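Shown next: coords_28.csv, given as CSV, C-alpha atoms and all ligand atoms.
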```csv
chain,number,residue,atom,x,y,z
O,1,MET,CA,-7.4,-9.0,6.5
O,2,GLN,CA,-4.3,-11.2,6.4
O,3,LEU,CA,-3.1,-12.8,9.7
O,4,PHE,CA,0.6,-11.8,10.4
O,5,GLU,CA,1.4,-15.5,10.8
O,6,ASN,CA,0.5,-16.1,7.1
O,7,PHE,CA,3.2,-13.8,5.8
O,8,LEU,CA,6.1,-16.2,6.2
O,9,ASN,CA,4.1,-19.1,4.8
O,10,ASN,CA,3.1,-16.9,1.8
O,11,ASN,CA,6.7,-16.1,1.2
O,12,LYS,CA,7.6,-19.8,0.9
O,13,ILE,CA,4.8,-20.3,-1.6
O,14,TRP,CA,5.8,-17.2,-3.6
O,15,ALA,CA,9.4,-18.2,-3.8
O,16,ALA,CA,8.5,-21.8,-4.7
O,17,ASN,CA,6.1,-20.6,-7.5
O,18,LEU,CA,8.8,-18.4,-9.1
O,19,LYS,CA,11.4,-21.3,-8.9
O,20,THR,CA,8.9,-23.6,-10.5
O,21,LYS,CA,8.6,-21.2,-13.5
O,22,ASN,CA,12.3,-20.5,-13.6
O,23,PRO,CA,14.7,-22.6,-11.5
O,24,ASP,CA,17.4,-19.9,-11.9
O,25,TYR,CA,15.2,-17.0,-11.0
O,26,PHE,CA,16.8,-16.1,-7.7
O,27,LYS,CA,20.3,-17.0,-8.9
O,28,GLN,CA,19.9,-14.5,-11.7
O,29,MET,CA,18.2,-11.9,-9.5
O,30,SER,CA,21.0,-12.0,-6.9
O,31,LYS,CA,23.7,-11.1,-9.4
O,32,GLN,CA,22.7,-7.5,-10.0
O,33,GLN,CA,19.9,-4.9,-10.1
O,34,THR,CA,19.3,-2.6,-13.1
O,35,PRO,CA,16.1,-0.6,-12.2
O,36,GLU,CA,15.2,2.2,-14.6
O,37,LEU,CA,13.0,4.0,-12.1
O,38,LEU,CA,13.5,5.5,-8.6
O,39,TRP,CA,10.1,5.7,-6.8
O,40,ILE,CA,9.7,8.2,-4.0
O,41,GLY,CA,6.3,7.5,-2.5
O,42,CYS,CA,4.1,7.7,0.6
O,43,SER,CA,4.5,5.0,3.3
O,44,ASP,CA,0.7,4.4,3.1
O,45,SER,CA,0.1,0.7,2.9
O,46,ARG,CA,-2.5,1.2,0.2
O,47,VAL,CA,-0.1,2.5,-2.4
O,48,PRO,CA,2.4,-0.4,-2.9
O,49,ALA,CA,4.8,0.8,-5.6
O,50,GLU,CA,5.4,-2.4,-7.5
O,51,LEU,CA,1.8,-3.6,-7.4
O,52,VAL,CA,0.2,-0.5,-8.8
O,53,VAL,CA,2.4,-0.5,-11.9
O,54,ASN,CA,2.7,-4.3,-12.2
O,55,ALA,CA,6.5,-4.2,-11.8
O,56,GLN,CA,8.7,-7.2,-11.1
O,57,PRO,CA,11.5,-7.4,-8.5
O,58,GLY,CA,14.5,-5.6,-9.8
O,59,GLU,CA,12.6,-3.0,-11.8
O,60,ILE,CA,12.0,-0.2,-9.2
O,61,PHE,CA,14.4,1.3,-6.6
O,62,ILE,CA,12.2,2.6,-3.8
O,63,HIS,CA,12.1,5.2,-1.0
O,64,ARG,CA,9.0,5.8,0.9
O,65,ASN,CA,8.1,8.2,3.8
O,66,ILE,CA,5.1,9.9,5.2
O,67,ALA,CA,3.7,12.2,2.5
O,68,ASN,CA,6.4,11.4,-0.1
O,69,GLN,CA,8.7,14.2,0.8
O,70,VAL,CA,12.1,15.2,-0.5
O,71,ILE,CA,13.8,17.3,2.2
O,72,ALA,CA,17.2,18.8,1.7
O,73,THR,CA,18.4,17.7,5.1
O,74,ASP,CA,17.1,14.1,5.0
O,75,PHE,CA,20.1,12.0,4.4
O,76,ASN,CA,18.0,8.9,4.1
O,77,CYS,CA,16.2,10.1,1.0
O,78,LEU,CA,19.3,11.9,-0.4
O,79,SER,CA,21.4,8.7,0.0
O,80,VAL,CA,18.8,6.7,-1.9
O,81,LEU,CA,18.7,9.5,-4.5
O,82,GLN,CA,22.5,9.6,-4.9
O,83,TYR,CA,22.8,5.8,-5.2
O,84,ALA,CA,19.9,5.6,-7.7
O,85,VAL,CA,21.3,8.4,-9.8
O,86,ASN,CA,25.1,8.0,-9.5
O,87,VAL,CA,25.4,4.2,-9.3
O,88,LEU,CA,22.2,2.7,-10.8
O,89,HIS,CA,21.8,5.5,-13.4
O,90,VAL,CA,18.0,5.4,-13.2
O,91,LYS,CA,16.4,7.1,-16.2
O,92,HIS,CA,13.3,8.2,-14.4
O,93,ILE,CA,12.4,9.4,-10.9
O,94,VAL,CA,8.7,9.4,-9.8
O,95,VAL,CA,7.4,11.3,-6.8
O,96,CYS,CA,4.1,9.5,-6.2
O,97,GLY,CA,1.6,10.9,-3.7
O,98,HIS,CA,-2.0,9.9,-3.3
O,99,TYR,CA,-5.4,11.5,-2.7
O,100,ASP,CA,-6.8,11.3,0.8
O,101,CYS,CA,-3.2,11.2,2.2
O,102,GLY,CA,-3.3,10.9,6.0
O,103,GLY,CA,-0.1,12.8,6.3
O,104,VAL,CA,-1.3,15.7,4.2
O,105,LYS,CA,-4.6,15.7,6.1
O,106,ALA,CA,-2.8,15.9,9.4
O,107,ALA,CA,-0.6,18.8,8.1
O,108,LEU,CA,-3.8,20.8,7.6
O,109,GLY,CA,-4.8,20.4,11.2
O,110,LYS,CA,-3.3,21.4,14.5
O,111,GLN,CA,-0.1,19.7,15.7
O,112,ASN,CA,-0.8,16.4,17.5
O,113,ALA,CA,0.6,16.4,21.1
O,114,GLY,CA,1.0,12.6,21.0
O,115,LEU,CA,3.1,12.6,17.8
O,116,LEU,CA,5.9,15.1,18.5
O,117,ILE,CA,8.3,13.6,16.0
O,118,THR,CA,5.8,13.2,13.2
O,119,ASN,CA,4.7,16.8,13.7
O,120,LYS,CA,8.2,17.9,12.8
O,121,TRP,CA,8.2,15.8,9.6
O,122,LEU,CA,4.8,17.3,8.6
O,123,MET,CA,6.1,20.8,9.2
O,124,HIS,CA,7.4,20.8,5.6
O,125,VAL,CA,3.9,20.0,4.2
O,126,LYS,CA,2.5,22.8,6.3
O,127,ASN,CA,5.0,25.1,4.6
O,128,VAL,CA,3.7,23.9,1.2
O,129,TYR,CA,0.2,24.8,2.4
O,130,ARG,CA,1.3,28.3,3.4
O,131,LEU,CA,2.9,28.8,0.0
O,132,HIS,CA,-0.5,28.1,-1.7
O,133,GLN,CA,-2.9,29.1,1.1
O,134,LYS,CA,-5.2,31.2,-1.0
O,135,GLU,CA,-5.6,28.6,-3.7
O,136,ILE,CA,-6.4,25.9,-1.1
O,137,ASP,CA,-8.6,27.9,1.4
O,138,CYS,CA,-11.1,28.9,-1.3
O,139,LEU,CA,-12.1,25.3,-1.9
O,140,PRO,CA,-15.4,24.4,-0.3
O,141,THR,CA,-14.8,21.0,1.2
O,142,GLU,CA,-12.1,19.5,3.4
O,143,GLU,CA,-11.7,16.6,0.9
O,144,GLN,CA,-11.0,19.1,-1.9
O,145,ARG,CA,-8.6,21.1,0.2
O,146,VAL,CA,-6.7,18.0,1.2
O,147,ASN,CA,-6.5,16.7,-2.3
O,148,LYS,CA,-5.3,20.1,-3.7
O,149,LEU,CA,-2.5,20.1,-1.1
O,150,VAL,CA,-1.7,16.5,-2.1
O,151,GLU,CA,-1.2,17.6,-5.7
O,152,LEU,CA,0.7,20.8,-4.7
O,153,ASN,CA,2.9,18.8,-2.3
O,154,ILE,CA,3.9,16.4,-5.1
O,155,ILE,CA,4.8,19.2,-7.5
O,156,GLU,CA,6.8,20.8,-4.7
O,157,GLN,CA,8.8,17.7,-4.1
O,158,VAL,CA,9.5,17.3,-7.9
O,159,HIS,CA,11.0,20.8,-7.8
O,160,ALA,CA,12.9,20.0,-4.6
O,161,LEU,CA,14.6,17.1,-6.4
O,162,SER,CA,15.7,19.5,-9.1
O,163,HIS,CA,17.2,21.8,-6.4
O,164,THR,CA,19.6,19.1,-5.3
O,165,SER,CA,23.3,18.9,-6.3
O,166,ILE,CA,22.7,15.3,-7.3
O,167,ILE,CA,20.1,16.1,-9.9
O,168,GLN,CA,21.8,19.2,-11.3
O,169,ASP,CA,25.1,17.4,-11.6
O,170,ALA,CA,23.4,14.4,-13.4
O,171,TRP,CA,21.5,16.7,-15.7
O,172,ASN,CA,24.7,18.5,-16.7
O,173,LYS,CA,26.8,15.4,-17.2
O,174,HIS,CA,24.3,12.8,-18.4
O,175,ASN,CA,21.2,14.7,-19.5
O,176,SER,CA,19.2,12.4,-17.2
O,177,PRO,CA,17.0,11.5,-15.3
O,178,THR,CA,13.5,12.8,-16.1
O,179,ILE,CA,11.5,13.6,-13.0
O,180,HIS,CA,7.8,12.9,-12.8
O,181,GLY,CA,5.1,13.8,-10.3
O,182,TRP,CA,2.2,11.3,-10.2
O,183,VAL,CA,-0.9,11.2,-8.0
O,184,TYR,CA,-2.6,7.9,-7.2
O,185,GLY,CA,-6.3,7.6,-6.6
O,186,LEU,CA,-7.2,5.3,-3.7
O,187,SER,CA,-10.8,5.1,-4.9
O,188,ASP,CA,-10.0,4.0,-8.5
O,189,GLY,CA,-6.4,2.6,-8.5
O,190,LEU,CA,-5.3,5.0,-11.2
O,191,LEU,CA,-2.1,7.1,-11.5
O,192,ASN,CA,-2.2,10.5,-13.2
O,193,THR,CA,0.7,12.8,-14.2
O,194,LEU,CA,0.8,16.2,-12.6
O,195,ILE,CA,4.2,17.5,-13.7
O,196,THR,CA,7.3,16.3,-15.7
O,197,LEU,CA,10.7,17.9,-15.4
O,198,ASN,CA,13.1,17.1,-18.2
O,199,PRO,CA,16.9,17.4,-17.8
O,200,ARG,CA,18.1,21.0,-18.0
O,201,ASP,CA,14.6,22.4,-17.5
O,202,GLU,CA,14.7,25.8,-15.9
O,203,ILE,CA,15.5,25.9,-12.2
O,204,HIS,CA,14.8,29.1,-10.2
O,205,PRO,CA,18.1,30.9,-10.0
O,206,ILE,CA,18.3,30.8,-6.2
O,207,TYR,CA,18.6,27.0,-6.4
O,208,GLU,CA,21.2,26.9,-9.1
O,209,TYR,CA,24.8,26.1,-8.3
O,210,GLU,CA,27.2,29.0,-9.1
O,211,SER,CA,29.6,26.8,-11.0
O,212,ALA,CA,30.0,23.1,-12.0
O,213,ILE,CA,29.6,20.9,-9.0
O,301,ZN,ZN,0.0,9.2,2.3
```

How does the structure come out when it is put into structure tokens?
Amino acid sequence: MQLFENFLNNNKIWAANLKTKNPDYFKQMSKQQTPELLWIGCSDSRVPAELVVNAQPGEIFIHRNIANQVIATDFNCLSVLQYAVNVLHVKHIVVCGHYDCGGVKAALGKQNAGLLITNKWLMHVKNVYRLHQKEIDCLPTEEQRVNKLVELNIIEQVHALSHTSIIQDAWNKHNSPTIHGWVYGLSDGLLNTLITLNPRDEIHPIYEYESAI
């Protein structure tokens, strides 16, 4: 385990190493960002977005929250989405969850009296469980039930993205971005695809806008 005091020293070493390789690295980096990918992931410290796909600074725009949720009233996530799509013009969005997710596990239990705010955030994952209750409850172990809900929650969030005005408008006008649902294995470090939504894929009619936005 790394001591907190080391982080600032490590930062100096990291910056110095990059400057040694390319003296203009930070000057170039400070001019602009052109990421192709928006990553919406879980806050879990074991799933660091850039590291698991070996990306460099400037390559991924990132939003993370507990259980990688896309909620229609969350202006934090929606602001990130709007900026990424309308200004940065990302070509891809990934919702990345992970097996053995503590948030998903908590959502399958009773509400925690000591975490009154977190309970409210996890309410949305509980709703995903109720949508798929039969499919989940028939699984024999808690691990399997948690991991099934992890997968279903990722798929649900990918669809939730397609329900936003931001995505529907971008699909109509720019035929972009593609939305991917990925799951990360804490035990093997591997990412797997669960779902891909391409621009103009079918959206359930109740989520479609009546006319152009
Ligand atoms: Zn998690």

Surroundings of ligand ZN 301 (chain O) up to 12 Å, based on all atoms listed in the file, as JSON, numbers by chain = {"O": [40, 41, 42, 43, 44, 45, 46, 47, 48, 64, 65, 66, 67, 68, 69, 95, 96, 97, 98, 99, 100, 101, 102, 103, 104, 105, 106, 107, 122, 125, 146, 147, 149, 150, 151, 153, 154, 183, 184, 185, 186]}

Please produce an output containing C-alpha atoms for each residue in the selection, written as an mmCIF file, in the frame of the given file.
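What landed in selection31.cif:
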```cif
data_model
loop_
_atom_site.group_PDB
_atom_site.id
_atom_site.type_symbol
_atom_site.label_atom_id
_atom_site.label_comp_id
_atom_site.auth_asym_id
_atom_site.auth_seq_id
_atom_site.Cartn_x
_atom_site.Cartn_y
_atom_site.Cartn_z
ATOM 1 C CA ILE O 40 9.700 8.200 -4.000
ATOM 2 C CA GLY O 41 6.300 7.500 -2.500
ATOM 3 C CA CYS O 42 4.100 7.700 0.600
ATOM 4 C CA SER O 43 4.500 5.000 3.300
ATOM 5 C CA ASP O 44 0.700 4.400 3.100
ATOM 6 C CA SER O 45 0.100 0.700 2.900
ATOM 7 C CA ARG O 46 -2.500 1.200 0.200
ATOM 8 C CA VAL O 47 -0.100 2.500 -2.400
ATOM 9 C CA PRO O 48 2.400 -0.400 -2.900
ATOM 10 C CA ARG O 64 9.000 5.800 0.900
ATOM 11 C CA ASN O 65 8.100 8.200 3.800
ATOM 12 C CA ILE O 66 5.100 9.900 5.200
ATOM 13 C CA ALA O 67 3.700 12.200 2.500
ATOM 14 C CA ASN O 68 6.400 11.400 -0.100
ATOM 15 C CA GLN O 69 8.700 14.200 0.800
ATOM 16 C CA VAL O 95 7.400 11.300 -6.800
ATOM 17 C CA CYS O 96 4.100 9.500 -6.200
ATOM 18 C CA GLY O 97 1.600 10.900 -3.700
ATOM 19 C CA HIS O 98 -2.000 9.900 -3.300
ATOM 20 C CA TYR O 99 -5.400 11.500 -2.700
ATOM 21 C CA ASP O 100 -6.800 11.300 0.800
ATOM 22 C CA CYS O 101 -3.200 11.200 2.200
ATOM 23 C CA GLY O 102 -3.300 10.900 6.000
ATOM 24 C CA GLY O 103 -0.100 12.800 6.300
ATOM 25 C CA VAL O 104 -1.300 15.700 4.200
ATOM 26 C CA LYS O 105 -4.600 15.700 6.100
ATOM 27 C CA ALA O 106 -2.800 15.900 9.400
ATOM 28 C CA ALA O 107 -0.600 18.800 8.100
ATOM 29 C CA LEU O 122 4.800 17.300 8.600
ATOM 30 C CA VAL O 125 3.900 20.000 4.200
ATOM 31 C CA VAL O 146 -6.700 18.000 1.200
ATOM 32 C CA ASN O 147 -6.500 16.700 -2.300
ATOM 33 C CA LEU O 149 -2.500 20.100 -1.100
ATOM 34 C CA VAL O 150 -1.700 16.500 -2.100
ATOM 35 C CA GLU O 151 -1.200 17.600 -5.700
ATOM 36 C CA ASN O 153 2.900 18.800 -2.300
ATOM 37 C CA ILE O 154 3.900 16.400 -5.100
ATOM 38 C CA VAL O 183 -0.900 11.200 -8.000
ATOM 39 C CA TYR O 184 -2.600 7.900 -7.200
ATOM 40 C CA GLY O 185 -6.300 7.600 -6.600
ATOM 41 C CA LEU O 186 -7.200 5.300 -3.700
#
```

What lies within 9 Å of His180 of chain O using all atoms listed in the file, ignoring chain neighbours under 3 positions off, as a ChimeraX atom specification?
-> /O:92-96,155,158,193-198

Hey, what's within 10 Å of Tyr207 of chain O if we count only C-alpha atoms and toss same-chain stuff fewer than 6 positions away? As JSON, numbers by chain, please?
-> {"O": [159, 160, 162, 163, 164, 165, 168]}

Any idea what the distance is between atom CA of Asn127 of chain O and atom CA of Ile167 of chain O?
->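 Between these atoms lies a distance of 22.8 Å.
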
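We find atom CA of Pro177 of chain O and atom CA of Asn192 of chain O to be spaced 19.3 Å apart.
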
List the neighbours of segment 31-34 of chain O out to 7 Å using only C-alpha atoms; skip same-chain residues closer than 4 positions along the sequence, and give me the result as a ChimeraX atom specification.
-> /O:27,58-59,88

The residue from O:Ala16, O:Met29, O:Ala170, O:Ala49 with the smallest atom-to-atom distance to Trp182 of chain O, counting all atoms listed in the file, is O:Ala49

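For the residues O:Leu139, O:Leu115, O:Leu3, O:Leu161, ranking by smallest atom-to-atom distance to Ile71 of chain O using all atoms listed in the file places O:Leu161 first.
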
Can you work out the spacing between atom CA of Asn172 of chain O and atom CA of Arg200 of chain O in Å, to one decimal?
->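 So the two atoms, atom CA of Asn172 of chain O and atom CA of Arg200 of chain O, lie 7.2 Å apart.
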
Using all atoms listed in the file, pick whichever of O:Val70, O:Phe26, O:Glu135, O:Glu36 has the shortest atom-to-atom distance to Trp121 of chain O.
->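 So, comparing all the options, the nearest one is O:Val70.
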
Excluding Val53 of chain O and residues on its chain fewer than 6 positions from it, collect all residues at most 10 Å away from it, counting all atoms listed in the file, and give them as JSON, numbers by chain.
-> {"O": [60, 189, 190, 191]}

Of the candidates O:Asn11, O:Gln111, O:Ser187, O:Gln82, which shows the shortest atom-to-atom distance to Leu38 of chain O, using all atoms listed in the file?
->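 The shortest atom-to-atom distance to Leu38 of chain O comes from O:Gln82.
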